[in-house]
Amino acid sequence: MKQEISVLMDGEMFEDDAEAFLDKLKRHPEARADWATYHLIGDALRQPDHVHRDLSASFRERLQAEPTVLAPRSRQPQKIKQYAFSVAASIMALSIVAWMSMQINTEPTPQMASVQNSSSIRPASFQSNDYLMAHQEVSPSADVQGAATYIHTVAEKE
Amino acid sequence: MNFTSLKFTSLLLLLQLLGGVALADPLLEDSDWLKTMAFAAHQTNYSGVFVYQSGGRVETSRITHISDKDGEHERLEGLDGLRREVIRNNDNVWLYVGGKKVRVEKRRSQRTFPALLPEQIQSLKDNYQISQGEEDRVADYHAHTLIFQPKDKLRYTRKMWAHSQSGLLLKAVVQDEHGGIIEEYSFSQLTIGDKDIDRKWIKQDQILPNSKSIEVPNVAQKLATTSFWQVDFLPSGFRKVLEINRTLAEKNNSVVHMVYSDGLSGISVFIEKATGAKNVTGLSGRGAIHMYNRLAGDNLITVVGEVPPRVVIQVADSVRLAGE
């Protein structure tokens, strides 16, 4: 089995064999674990700085091992708040885990769009010339561009 | 069989060697290009028309630069819309709008950039992937291209086209992290050298009546200034190159002006006593330059720089009184 996994990962298995083997893989959970381990090894060899580990299983285990608190209910309202907070924290932790495990198999999520598109930014006002000119006197970009940097000063009085 | 493969290998080797020599010869070291460009910007006489594009706007301007025994003289004239003109004579800068003088600045005479310090070059290399692109032609001049690709998202990508012989900047493009063009500056017509150069304007502005100029203290005084202000957030590689107490053009109040540079872009932090909430304008910008201001107690903090908008905001938000 392990031999076959390795052959498949190297792309050296014939197509028919691969299909049959993948069927087999689906039916055997221990083979799936091997499959994941082999990929982890491969990732570690290729990119030792970016090893992804499936955290969801170990996290679930530890969560199940946590004792269930059966203390009498307190009348202090802040306890409820605390509880609510810890639930919120667990949900957050779970969603982080869910997100992380998604990262294992999918492409990296697209980066958040940049904060602003330059065309959507309000144009500098005439009053800001004080600052623009003072900045341009000392900015390193003036050294290769010369007076052309003063193109950034504003002509119109609003 | 063995013999032919040996012959083939040595031929490859020879080709590689030749290729290596042919490539290395005409190229300067990347940081040397910057020095050459800064030198050319100050020492070359030129006159031409350039096109500036940003955010869907296109402007045409005429620029003249003369370096003679009296120093440096520069003139920038907007050719579209309301007449705008900037004249610089050594350290004095005049701004005219619609034919009227609206502002006079005293420019700092000691510039830091032409003498790129070794640590600035190191900082450039730490924060940008510097490479040379394909040779090109701009305004009929042969150009070498330099690309500064930042290693983080806290600064812009810059492409520069430098005249192969003099190093004069012929074209410059600033791009954001997605490759979108923030601004582009490019000569459409250019004369390098003294030929047909107009010098009449140099005299003209020297006899300007009682122009009120803004004094900037000399270098020794500048360096002695230590402010109580601290800037906690700056992108890596930005070092403080200047800190002065100054006045801004037509205002009389004193302003703390701190300047940070990564060798290619600058960030200015201005701190002054606030005169009212009306001056708080938040984020604004023009091309690659962004500006953000906010109130911090009684003080107005203004940050200006050739960096993405979120950086000027973050820098402004991180300014605090030392010890607080």
# chains A, B, ... in the order shown; residues from 1 in each chain; ligands from 1
>>> interface_residues(of="chain B", to="chain A", cutoff="6 Å", atoms="only C-alpha atoms", output="list in words")
Met37, Ala38, Ala41, Gly55, Arg107, Phe113, Leu248, Leu264, Ser265, Gly266, Ser268, Ser284, Gly285 and Arg286 of chain B
>>> residues_around(residues="segment 164-176 of chain B", least_positions_apart="6", cutoff="6 Å", atoms="only C-alpha atoms", output="MDAnalysis selection string")
chainID B and resid 36:37 40:41 142:144 156:158 182:187
>>> write_last_selection(atoms="N, CA and C atoms", output="JSON list (two decimals), in the first residue's frame")
[["chain", "number", "residue", "atom", "x", "y", "z"],
["B", 36, "THR", "N", 24.16, 57.85, -10.50],
["B", 36, "THR", "CA", 24.33, 58.52, -11.79],
["B", 36, "THR", "C", 23.10, 59.35, -12.12],
["B", 37, "MET", "N", 21.92, 58.81, -11.84],
["B", 37, "MET", "CA", 20.68, 59.51, -12.14],
["B", 37, "MET", "C", 20.54, 60.77, -11.29],
["B", 40, "ALA", "N", 22.94, 63.30, -12.64],
["B", 40, "ALA", "CA", 22.46, 63.86, -13.91],
["B", 40, "ALA", "C", 21.33, 64.85, -13.67],
["B", 41, "ALA", "N", 20.45, 64.55, -12.72],
["B", 41, "ALA", "CA", 19.31, 65.44, -12.45],
["B", 41, "ALA", "C", 19.80, 66.81, -11.98],
["B", 142, "HIS", "N", 17.97, 56.64, -26.12],
["B", 142, "HIS", "CA", 18.16, 55.27, -25.68],
["B", 142, "HIS", "C", 18.17, 55.23, -24.15],
["B", 143, "ALA", "N", 17.43, 54.29, -23.58],
["B", 143, "ALA", "CA", 17.28, 54.28, -22.12],
["B", 143, "ALA", "C", 17.54, 52.91, -21.52],
["B", 144, "HIS", "N", 18.12, 52.93, -20.34],
["B", 144, "HIS", "CA", 18.24, 51.74, -19.52],
["B", 144, "HIS", "C", 17.09, 51.74, -18.52],
["B", 156, "TYR", "N", 5.64, 51.33, -2.94],
["B", 156, "TYR", "CA", 5.25, 51.12, -4.33],
["B", 156, "TYR", "C", 6.39, 50.54, -5.16],
["B", 157, "THR", "N", 6.00, 49.90, -6.24],
["B", 157, "THR", "CA", 6.97, 49.45, -7.23],
["B", 157, "THR", "C", 7.34, 50.65, -8.11],
["B", 158, "ARG", "N", 8.62, 50.79, -8.39],
["B", 158, "ARG", "CA", 9.03, 51.90, -9.25],
["B", 158, "ARG", "C", 9.82, 51.38, -10.43],
["B", 182, "ILE", "N", -0.10, 53.88, -10.61],
["B", 182, "ILE", "CA", -0.50, 54.97, -9.73],
["B", 182, "ILE", "C", -0.20, 56.30, -10.41],
["B", 183, "GLU", "N", 0.98, 56.40, -10.99],
["B", 183, "GLU", "CA", 1.30, 57.58, -11.77],
["B", 183, "GLU", "C", 2.39, 57.25, -12.77],
["B", 184, "GLU", "N", 2.41, 58.07, -13.81],
["B", 184, "GLU", "CA", 3.42, 57.87, -14.85],
["B", 184, "GLU", "C", 3.90, 59.23, -15.32],
["B", 185, "TYR", "N", 5.19, 59.31, -15.49],
["B", 185, "TYR", "CA", 5.83, 60.56, -15.89],
["B", 185, "TYR", "C", 6.73, 60.20, -17.06],
["B", 186, "SER", "N", 6.58, 60.90, -18.17],
["B", 186, "SER", "CA", 7.38, 60.51, -19.33],
["B", 186, "SER", "C", 7.64, 61.70, -20.24],
["B", 187, "PHE", "N", 8.88, 61.87, -20.63],
["B", 187, "PHE", "CA", 9.19, 62.94, -21.58],
["B", 187, "PHE", "C", 8.63, 62.59, -22.94]]
>>> atom_distance(atom1="atom CA of Gly71 of chain B", atom2="atom CA of Asp194 of chain B")
15.2 Å
>>> select_by_dssp(residues="segment 62-152 of chain B", states="helix (DSSP H, G or I)", output="list in words")
Phe113, Pro114, Ala115, Pro118, Glu119, Gln120, Ile121, Gln122, Ser123, Leu124, Lys125, Asp126 and Asn127 of chain B
>>> residues_around(residues="Ala31 of chain A", least_positions_apart="3", cutoff="12 Å", atoms="only C-alpha atoms", output="PyMOL selection string")
chain A and resi 1-6+21-28+34-38
>>> atom_distance(atom1="atom CA of Leu300 of chain B", atom2="atom CA of Ser54 of chain B")
28.4 Å
>>> atom_distance(atom1="atom CA of Val315 of chain B", atom2="atom CA of Leu154 of chain B")
11.0 Å
